[in-house]
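**Q** Compact mmCIF, C-alpha atoms, saved as work-v6.txt, coming up:
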```txt
# COMPACT_ATOMS: atom_id res chain seq x y z
CA MET A 353 0.00 0.00 0.00
CA SER A 354 0.94 3.60 -0.41
CA VAL A 355 1.99 4.55 3.08
CA ASP A 356 1.61 8.29 3.09
CA ASN A 357 -1.15 10.30 1.46
CA ALA A 358 0.93 13.47 1.75
CA TYR A 359 2.36 12.29 -1.56
CA ALA A 360 0.55 12.41 -4.89
CA VAL A 361 3.01 10.07 -6.58
CA GLU A 362 5.40 7.54 -5.06
CA LEU A 363 7.96 5.47 -6.92
CA LYS A 364 9.26 2.66 -4.78
CA GLY A 365 12.28 0.65 -5.86
CA VAL A 366 11.58 1.27 -9.53
CA THR A 367 13.90 -0.33 -12.04
CA PHE A 368 13.39 0.31 -15.73
CA LYS A 369 15.38 -1.22 -18.57
CA ARG A 370 15.57 -0.81 -22.29
CA GLY A 371 16.75 -4.17 -23.49
CA SER A 372 19.61 -5.09 -21.21
CA ARG A 373 20.48 -1.45 -20.47
CA SER A 374 19.30 -0.20 -17.10
CA ILE A 375 17.79 3.32 -17.32
CA PHE A 376 16.72 3.47 -13.67
CA ASN A 377 17.94 1.19 -10.97
CA ASN A 378 15.92 0.83 -7.75
CA VAL A 379 14.77 4.45 -7.68
CA ASP A 380 12.63 5.94 -4.89
CA ILE A 381 10.86 9.24 -5.57
CA ARG A 382 8.04 10.86 -3.63
CA ILE A 383 6.11 13.79 -5.10
CA PRO A 384 4.40 15.89 -2.40
CA LYS A 385 0.76 16.78 -2.92
CA GLY A 386 -0.08 20.33 -3.92
CA LYS A 387 3.54 21.33 -4.54
CA VAL A 388 5.65 22.02 -7.61
CA THR A 389 8.33 19.34 -7.83
CA GLY A 390 11.13 19.64 -10.34
CA ILE A 391 12.85 16.61 -11.80
CA MET A 392 16.14 17.75 -13.18
CA GLY A 393 19.22 16.26 -14.69
CA PRO A 394 21.37 16.40 -17.78
CA SER A 395 19.84 15.76 -21.20
CA GLY A 396 19.40 12.09 -21.91
CA CYS A 397 19.40 11.02 -18.26
CA GLY A 398 15.89 9.59 -18.46
CA LYS A 399 13.75 12.41 -17.05
CA THR A 400 11.02 11.95 -19.62
CA THR A 401 11.16 8.21 -19.05
CA LEU A 402 10.48 8.89 -15.40
CA LEU A 403 7.44 10.96 -16.34
CA ARG A 404 6.19 8.14 -18.55
CA LEU A 405 6.57 5.69 -15.71
CA MET A 406 4.48 7.99 -13.51
CA GLY A 407 1.83 8.19 -16.23
CA ALA A 408 1.97 4.41 -16.75
CA GLN A 409 2.87 4.87 -20.39
CA LEU A 410 5.83 2.68 -19.51
CA ARG A 411 5.89 -0.29 -17.16
CA PRO A 412 8.84 -0.77 -14.79
CA ALA A 413 10.82 -4.02 -14.79
CA SER A 414 10.29 -4.02 -11.04
CA GLY A 415 9.04 -1.71 -8.31
CA GLU A 416 5.84 0.15 -7.54
CA VAL A 417 4.34 3.34 -8.95
CA TRP A 418 1.65 4.68 -6.63
CA VAL A 419 -0.70 7.41 -7.78
CA ALA A 420 -3.75 8.38 -5.71
CA GLY A 421 -3.59 5.15 -3.73
CA GLN A 422 -3.26 2.86 -6.74
CA ASN A 423 -0.19 0.94 -7.84
CA LEU A 424 -0.38 1.69 -11.55
CA PRO A 425 1.54 -1.32 -12.96
CA THR A 426 -1.04 -3.65 -11.38
CA LEU A 427 -4.12 -1.92 -12.84
CA SER A 428 -6.26 -3.31 -15.61
CA ARG A 429 -6.47 -1.40 -18.87
CA SER A 430 -9.84 0.18 -17.99
CA ASP A 431 -8.75 1.13 -14.46
CA LEU A 432 -5.64 2.68 -15.93
CA PHE A 433 -7.82 4.67 -18.36
CA ASP A 434 -9.74 6.04 -15.36
CA ALA A 435 -6.57 6.73 -13.34
CA ARG A 436 -5.13 8.74 -16.21
CA LYS A 437 -8.09 11.15 -16.08
CA GLN A 438 -6.52 12.52 -12.90
CA MET A 439 -3.31 13.33 -14.76
CA GLY A 440 -2.67 16.03 -17.30
CA VAL A 441 0.48 16.06 -19.37
CA LEU A 442 2.05 18.97 -21.18
CA PHE A 443 4.20 17.24 -23.76
CA GLN A 444 7.49 18.73 -24.85
CA SER A 445 6.25 19.01 -28.41
CA GLY A 446 2.88 20.45 -27.41
CA ALA A 447 1.37 17.59 -29.40
CA LEU A 448 -1.60 19.61 -30.65
CA PHE A 449 -3.81 17.99 -33.26
CA THR A 450 -2.76 19.85 -36.37
CA ASP A 451 -6.07 19.40 -38.18
CA LEU A 452 -8.18 20.71 -35.27
CA ASP A 453 -8.54 24.38 -34.34
CA VAL A 454 -7.64 25.68 -30.88
CA PHE A 455 -11.18 25.23 -29.55
CA GLU A 456 -11.40 21.61 -30.67
CA ASN A 457 -7.93 20.80 -29.36
CA VAL A 458 -8.95 21.89 -25.86
CA ALA A 459 -12.41 20.31 -26.18
CA PHE A 460 -10.95 16.97 -27.26
CA PRO A 461 -10.41 15.39 -23.80
CA LEU A 462 -13.84 16.63 -22.69
CA ARG A 463 -15.48 14.93 -25.66
CA VAL A 464 -13.54 11.69 -25.12
CA HIS A 465 -13.78 11.39 -21.34
CA THR A 466 -17.06 13.05 -20.33
CA ARG A 467 -20.70 13.20 -21.36
CA LEU A 468 -20.95 16.97 -20.91
CA SER A 469 -23.30 18.86 -23.21
CA GLU A 470 -21.97 21.09 -25.96
CA GLU A 471 -23.01 24.10 -23.85
CA MET A 472 -20.88 22.98 -20.90
CA ILE A 473 -17.96 21.99 -23.10
CA ARG A 474 -17.98 25.49 -24.58
CA ASP A 475 -18.00 27.09 -21.11
CA ILE A 476 -15.09 24.98 -19.94
CA VAL A 477 -13.00 25.42 -23.09
CA LEU A 478 -13.44 29.20 -22.86
CA MET A 479 -12.47 29.14 -19.16
CA LYS A 480 -9.31 27.17 -19.82
CA LEU A 481 -8.28 29.38 -22.72
CA GLN A 482 -9.02 32.50 -20.67
CA ALA A 483 -6.67 31.18 -17.98
CA VAL A 484 -3.82 30.89 -20.48
CA GLY A 485 -4.68 34.17 -22.19
CA LEU A 486 -5.75 32.68 -25.53
CA ARG A 487 -9.55 32.82 -25.51
CA GLY A 488 -9.31 35.10 -28.53
CA ALA A 489 -7.50 32.40 -30.49
CA ILE A 490 -10.23 29.76 -30.50
CA GLU A 491 -10.64 29.71 -34.26
CA LEU A 492 -6.94 29.58 -35.10
CA MET A 493 -5.26 26.45 -36.34
CA PRO A 494 -2.06 25.23 -34.65
CA ASP A 495 0.11 26.25 -37.59
CA GLU A 496 -1.09 29.84 -37.10
CA LEU A 497 0.29 29.93 -33.53
CA SER A 498 3.74 30.84 -32.25
CA GLY A 499 5.69 28.24 -30.27
CA GLY A 500 4.76 29.90 -27.00
CA MET A 501 1.07 30.03 -27.93
CA LYS A 502 1.10 26.36 -28.89
CA ARG A 503 2.53 25.49 -25.49
CA ARG A 504 -0.22 27.53 -23.79
CA VAL A 505 -2.98 25.88 -25.82
CA ALA A 506 -1.49 22.52 -24.88
CA LEU A 507 -1.55 23.63 -21.26
CA ALA A 508 -5.23 24.61 -21.56
CA ARG A 509 -5.90 21.13 -22.98
CA ALA A 510 -3.86 19.50 -20.21
CA ILE A 511 -6.06 21.14 -17.55
CA ALA A 512 -9.33 20.57 -19.42
CA LEU A 513 -10.36 17.70 -17.14
CA ASP A 514 -9.22 19.44 -13.94
CA PRO A 515 -6.46 16.93 -13.25
CA GLN A 516 -5.09 16.46 -9.75
CA ILE A 517 -1.61 15.94 -11.13
CA LEU A 518 -0.10 17.97 -13.94
CA MET A 519 3.12 16.81 -15.56
CA TYR A 520 5.24 19.18 -17.62
CA ASP A 521 7.81 17.66 -19.96
CA GLU A 522 10.53 20.23 -20.65
CA PRO A 523 8.04 23.12 -20.73
CA PHE A 524 10.66 25.81 -21.24
CA VAL A 525 12.54 24.33 -24.20
CA GLY A 526 12.59 26.61 -27.23
CA GLN A 527 10.59 29.38 -25.57
CA ASP A 528 11.52 33.04 -25.79
CA PRO A 529 12.00 34.89 -22.48
CA ILE A 530 8.49 36.34 -22.47
CA ALA A 531 6.83 33.00 -23.23
CA MET A 532 9.02 31.40 -20.58
CA GLY A 533 7.97 33.98 -18.01
CA VAL A 534 4.32 33.43 -18.89
CA LEU A 535 4.69 29.67 -18.46
CA VAL A 536 6.49 30.00 -15.13
CA ARG A 537 3.68 32.22 -13.85
CA LEU A 538 0.97 29.89 -15.16
CA ILE A 539 2.52 26.76 -13.67
CA ARG A 540 2.67 28.40 -10.23
CA LEU A 541 -0.80 29.94 -10.53
CA LEU A 542 -2.50 26.71 -11.61
CA ASN A 543 -0.68 24.75 -8.95
CA ASP A 544 -1.60 27.07 -6.10
CA ALA A 545 -5.08 28.18 -7.07
CA LEU A 546 -6.39 24.88 -8.40
CA GLY A 547 -4.65 22.74 -5.79
CA ILE A 548 -2.85 20.76 -8.47
CA THR A 549 0.29 18.71 -7.85
CA SER A 550 2.81 19.79 -10.48
CA ILE A 551 5.76 17.77 -11.73
CA VAL A 552 8.16 19.70 -13.93
CA VAL A 553 10.75 17.72 -15.84
CA SER A 554 13.38 20.10 -17.06
CA HIS A 555 17.04 20.83 -17.48
CA ASP A 556 16.37 24.59 -17.41
CA LEU A 557 17.81 25.32 -14.03
CA ALA A 558 16.88 28.96 -13.43
CA GLU A 559 13.24 28.61 -14.41
CA THR A 560 12.68 25.33 -12.60
CA ALA A 561 14.47 26.47 -9.46
CA SER A 562 12.38 29.64 -9.47
CA ILE A 563 9.07 27.78 -9.20
CA ALA A 564 9.90 24.39 -7.69
CA ASP A 565 9.21 23.78 -4.02
CA TYR A 566 11.32 20.63 -4.17
CA ILE A 567 13.74 19.20 -6.71
CA TYR A 568 15.04 15.75 -7.52
CA VAL A 569 18.27 15.58 -9.50
CA VAL A 570 18.58 12.36 -11.46
CA GLY A 571 21.45 10.86 -13.41
CA ASP A 572 23.23 7.58 -13.97
CA GLY A 573 19.98 5.73 -13.39
CA GLN A 574 19.53 6.97 -9.85
CA VAL A 575 18.50 9.91 -7.72
CA LEU A 576 21.68 11.93 -7.23
CA GLY A 577 20.12 14.33 -4.77
CA GLN A 578 16.94 15.97 -3.59
CA GLY A 579 15.91 19.02 -1.63
CA THR A 580 14.68 22.56 -1.95
CA PRO A 581 16.41 24.63 -4.64
CA ALA A 582 18.40 26.43 -1.91
CA GLU A 583 19.48 23.16 -0.30
CA LEU A 584 20.68 21.79 -3.63
CA MET A 585 22.60 24.97 -4.42
CA ASP A 586 24.50 24.46 -1.16
CA SER A 587 24.98 20.73 -1.68
CA ASP A 588 28.37 19.20 -0.89
CA ASN A 589 27.80 16.53 -3.51
CA PRO A 590 30.12 17.44 -6.41
CA ARG A 591 27.72 16.03 -9.01
CA ILE A 592 24.84 18.12 -7.67
CA ARG A 593 27.04 21.19 -7.42
CA GLN A 594 28.22 20.79 -10.99
CA PHE A 595 24.68 20.52 -12.28
CA MET A 596 23.20 23.31 -10.14
CA LYS A 597 26.02 25.72 -10.96
CA GLY A 598 26.29 24.70 -14.59
CA ASP A 599 30.03 23.98 -14.42
CA PRO A 600 31.26 22.61 -17.75
CA ASP A 601 33.66 20.18 -16.08
CA GLY A 602 33.44 18.12 -12.95
CA PRO A 603 32.30 14.63 -12.07
CA VAL A 604 30.42 14.70 -15.37
CA PRO A 605 33.48 15.29 -17.55
CA PHE A 606 33.57 17.81 -20.36
CA HIS A 607 35.47 15.33 -22.53
CA PHE A 608 33.92 12.19 -23.83
CA PRO A 609 36.32 9.32 -23.00
CA ALA A 610 39.15 9.37 -25.52
CA PRO A 611 42.69 8.04 -25.92
CA ASP A 612 45.59 10.13 -24.65
CA TYR A 613 45.69 13.40 -26.60
CA ARG A 614 49.46 13.50 -27.05
CA ALA A 615 49.53 9.95 -28.22
CA ASP A 616 46.62 10.66 -30.51
CA LEU A 617 48.45 13.60 -32.11
CA LEU A 618 52.10 12.56 -31.99
CA GLY A 619 52.10 8.86 -31.43
CA LYS A 620 52.28 6.23 -34.05
CA ARG A 621 49.07 5.64 -35.85
CA MET B 437 -18.33 13.49 0.42
CA SER B 438 -21.64 13.19 -1.31
CA LEU B 439 -22.71 13.15 -4.89
CA GLY B 440 -23.78 16.46 -6.29
CA SER B 441 -27.37 17.61 -6.04
CA VAL B 442 -29.49 20.57 -6.97
CA GLN B 443 -32.87 21.49 -5.52
CA LEU B 444 -35.21 24.39 -4.94
CA ALA B 445 -34.66 24.65 -1.19
CA GLU B 446 -37.12 27.53 -0.95
CA PRO B 447 -38.94 29.59 -3.57
CA GLY B 448 -36.42 31.21 -5.87
CA VAL B 449 -33.39 29.62 -4.19
CA LEU B 450 -31.63 26.95 -6.18
CA SER B 451 -29.31 25.10 -3.80
CA LEU B 452 -26.26 23.29 -5.16
CA ALA B 453 -24.66 20.71 -2.91
CA GLY B 454 -22.00 17.98 -2.76
CA ILE B 455 -19.45 17.34 -5.48
CA LEU B 456 -19.82 19.21 -8.75
CA ASP B 457 -17.68 17.41 -11.30
CA TYR B 458 -17.66 15.68 -14.66
CA ARG B 459 -19.71 12.79 -13.36
CA SER B 460 -22.45 14.75 -11.62
CA GLY B 461 -22.44 17.79 -13.94
CA PRO B 462 -24.52 16.61 -16.91
CA ASP B 463 -27.49 15.50 -14.79
CA LEU B 464 -27.29 18.52 -12.49
CA ARG B 465 -27.44 20.80 -15.51
CA LYS B 466 -30.68 19.23 -16.70
CA GLN B 467 -32.24 19.10 -13.23
CA GLY B 468 -31.35 22.71 -12.49
CA ALA B 469 -32.75 23.92 -15.82
CA ALA B 470 -36.05 22.14 -15.12
CA LEU B 471 -36.25 23.58 -11.60
CA ILE B 472 -35.57 27.12 -12.83
CA ALA B 473 -38.25 26.71 -15.50
CA SER B 474 -40.72 25.56 -12.85
CA SER B 475 -39.94 28.36 -10.37
CA LYS B 476 -42.60 31.05 -10.03
CA ALA B 477 -40.30 33.43 -8.09
CA GLU B 478 -39.35 36.67 -9.81
CA ALA B 479 -35.64 36.32 -9.02
CA LEU B 480 -33.22 33.45 -8.66
CA VAL B 481 -30.54 32.89 -6.03
CA LEU B 482 -27.90 30.23 -6.67
CA ASP B 483 -26.90 29.05 -3.22
CA CYS B 484 -23.50 27.30 -3.14
CA THR B 485 -23.17 27.03 0.63
CA ALA B 486 -23.45 23.23 0.61
CA VAL B 487 -20.97 22.65 -2.24
CA GLU B 488 -18.25 20.34 -0.90
CA GLN B 489 -16.01 20.24 -3.96
CA SER B 490 -16.19 21.84 -7.35
CA SER B 491 -14.21 21.55 -10.55
CA SER B 492 -14.68 23.76 -13.60
CA VAL B 493 -17.96 21.92 -14.07
CA GLY B 494 -19.45 23.67 -11.03
CA LEU B 495 -18.66 27.03 -12.59
CA SER B 496 -20.18 25.95 -15.88
CA LEU B 497 -23.33 24.95 -13.97
CA LEU B 498 -23.56 28.42 -12.46
CA LEU B 499 -23.10 30.02 -15.88
CA GLY B 500 -25.75 27.75 -17.35
CA PHE B 501 -28.24 28.55 -14.60
CA ILE B 502 -27.57 32.29 -15.00
CA ARG B 503 -28.28 31.95 -18.73
CA ASP B 504 -31.50 30.06 -17.95
CA ALA B 505 -32.61 32.83 -15.60
CA GLN B 506 -31.70 35.54 -18.11
CA ALA B 507 -33.67 33.77 -20.81
CA VAL B 508 -36.87 34.16 -18.78
CA GLY B 509 -36.05 37.65 -17.55
CA LYS B 510 -35.15 36.75 -13.96
CA HIS B 511 -32.48 38.54 -11.99
CA CYS B 512 -29.92 36.05 -10.71
CA ALA B 513 -27.46 36.24 -7.80
CA ILE B 514 -24.95 33.82 -6.31
CA ARG B 515 -24.40 33.34 -2.60
CA GLY B 516 -22.29 31.22 -0.31
CA MET B 517 -19.60 30.26 -2.77
CA PRO B 518 -16.92 28.26 -0.88
CA HIS B 519 -13.38 29.60 -0.83
CA GLY B 520 -11.95 26.88 -3.10
CA MET B 521 -14.64 27.40 -5.72
CA ARG B 522 -14.09 31.14 -5.58
CA GLU B 523 -10.34 30.67 -6.15
CA ILE B 524 -11.00 28.54 -9.21
CA ALA B 525 -13.40 31.16 -10.52
CA GLU B 526 -10.70 33.80 -10.17
CA VAL B 527 -8.16 31.71 -12.11
CA TYR B 528 -10.67 31.44 -14.94
CA GLY B 529 -11.44 35.17 -14.84
CA LEU B 530 -15.03 34.66 -13.75
CA ASP B 531 -14.99 36.83 -10.62
CA ASP B 532 -16.61 39.80 -12.35
CA ILE B 533 -18.99 37.73 -14.43
CA LEU B 534 -20.23 35.83 -11.40
CA ALA B 535 -20.10 39.08 -9.39
CA LEU B 536 -18.13 37.46 -6.59
CA GLN B 537 -18.18 39.54 -3.44
```
Transcribe the structure of this file into structure tokens.
**A**
Amino acid sequence: MSVDNAYAVELKGVTFKRGSRSIFNNVDIRIPKGKVTGIMGPSGCGKTTLLRLMGAQLRPASGEVWVAGQNLPTLSRSDLFDARKQMGVLFQSGALFTDLDVFENVAFPLRVHTRLSEEMIRDIVLMKLQAVGLRGAIELMPDELSGGMKRRVALARAIALDPQILMYDEPFVGQDPIAMGVLVRLIRLLNDALGITSIVVSHDLAETASIADYIYVVGDGQVLGQGTPAELMDSDNPRIRQFMKGDPDGPVPFHFPAPDYRADLLGKR
Amino acid sequence: MSLGSVQLAEPGVLSLAGILDYRSGPDLRKQGAALIASSKAEALVLDCTAVEQSSSVGLSLLLGFIRDAQAVGKHCAIRGMPHGMREIAEVYGLDDILALQ
């Protein structure tokens, strides 16, 4: 059983492999309810994989993934379908339906998962778009939107069903400073005012540290450290320090393993 | 927690109660519309005092009931909106529209 309902998501001893390669090895992560939790780490360290494990899009080789009192890997397909209604995901790509206008993109989960009337769907779509500042864009198609606008429409769609947990996959990637500021404000606002639990997977340190209440740093298939942004900044762990301070060299070396340079240049070939 | 309900607690007072969400919303919308149509009172009060939990659906219900009242020329007011519901309304920019006090 999930032991503590102060946590919206709990990963217990999760191991995940791709083929014979271990991506995560016996990882424990607890996401506190109603807070913004950042999951950070270098590119390619498996942050998005972690998000997919939490959303049960991937199944761990071993371990438990508890969400709202349910161990997701043990659920039937229909129970999983219901459990996912509590989770919204803002995908890195935005993943808008390119042949649907803004209104229909946001309405989509309401049409699929509820039996609300057209009148109520319209109310709710307009509310969600108002919250992200794009109610005036309902008739636009995705290819008529800027990158930042696409991300905000995707956010409106992610909150369409009033999820208890909202997962953001690299929300700041490719955003200009204004769009980034808007997103940071929205993530905090939605979290606090709607009582959502937010999980932000990102390698953008400044933005994530500015909104996260708690951060996990992952790498090498494990949790390297955890704490508040201030605690991690002061960490004695050289790997955490290197990541938090953005040092180009450290325990994660600047150079990819290579033969001796002198020998490579002057030695016999 | 109880399932959502809507009833005319007293003449002209439509009382919403319980959980207003995607499951309860569609039926509550129909029931509320029928009750408003049957009410002989000149004005309508939407009483949210007994709402235990509301998602966006609760706000849509209020908007729908206001439209119903407007359609038959009744003045409509909201009272007793719980703090959490009020906060959600503010996020969605509905504080002025619902005339939250």
**Q** Using only C-alpha atoms, what does the table of chain A residues within 7 Å of chain B look like, with each row giving the shortest atom pair and its distance in Å to one decimal, sorted by chain and ascending number, as JSON lines?
**A**
```
{"residue": "A:Thr466", "atom": "CA", "partner": "B:Tyr458", "partner_atom": "CA", "distance": 6.3}
{"residue": "A:Arg467", "atom": "CA", "partner": "B:Pro462", "partner_atom": "CA", "distance": 6.8}
{"residue": "A:Leu468", "atom": "CA", "partner": "B:Pro462", "partner_atom": "CA", "distance": 5.4}
{"residue": "A:Ser469", "atom": "CA", "partner": "B:Pro462", "partner_atom": "CA", "distance": 6.8}
{"residue": "A:Met472", "atom": "CA", "partner": "B:Ser496", "partner_atom": "CA", "distance": 5.9}
{"residue": "A:Asp475", "atom": "CA", "partner": "B:Ser496", "partner_atom": "CA", "distance": 5.8}
{"residue": "A:Ile476", "atom": "CA", "partner": "B:Ser492", "partner_atom": "CA", "distance": 6.5}
{"residue": "A:Met479", "atom": "CA", "partner": "B:Tyr528", "partner_atom": "CA", "distance": 5.1}
{"residue": "A:Lys480", "atom": "CA", "partner": "B:Tyr528", "partner_atom": "CA", "distance": 6.6}
{"residue": "A:Gln482", "atom": "CA", "partner": "B:Tyr528", "partner_atom": "CA", "distance": 6.1}
{"residue": "A:Ala483", "atom": "CA", "partner": "B:Tyr528", "partner_atom": "CA", "distance": 5.0}
{"residue": "A:Asp514", "atom": "CA", "partner": "B:Ser491", "partner_atom": "CA", "distance": 6.4}
{"residue": "A:Ala545", "atom": "CA", "partner": "B:Glu523", "partner_atom": "CA", "distance": 5.9}
{"residue": "A:Leu546", "atom": "CA", "partner": "B:Ile524", "partner_atom": "CA", "distance": 5.9}
```
**Q** For atom CA of Ile563 of chain A and atom CA of Val458 of chain A, determine how far apart the two atoms are, in Å to one decimal place.
**A**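 Atom CA of Ile563 of chain A sits 25.2 Å away from atom CA of Val458 of chain A.
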**Q** Select, from B:Cys484, B:Ala513, B:Ala535, B:Ile502, the residue with the minimum atom-to-atom distance to Leu456 of chain B, counting all atoms listed in the file.
**A** B:Cys484
**Q** Record the distance separating atom CA of Val552 of chain A and atom CA of Pro494 of chain A, expressed in Å with one decimal.
**A**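 These two atoms are separated by 23.8 Å.
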**Q** With distances taken over all atoms listed in the file, which of A:Asp544, A:Val477, A:Leu618, A:Ala447 is nearest to Gly499 of chain A?
**A**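 Comparing A:Asp544, A:Val477, A:Leu618, A:Ala447 against Gly499 of chain A, the winner is A:Ala447.
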**Q** Would you mind listing what lies within 12 Å of Asp483 of chain B as an MDAnalysis selection string, with all atoms listed in the file counted and same-chain residues fewer than 5 positions away left out?
**A** chainID B and resid 441:446 448:453 498 501 512:518
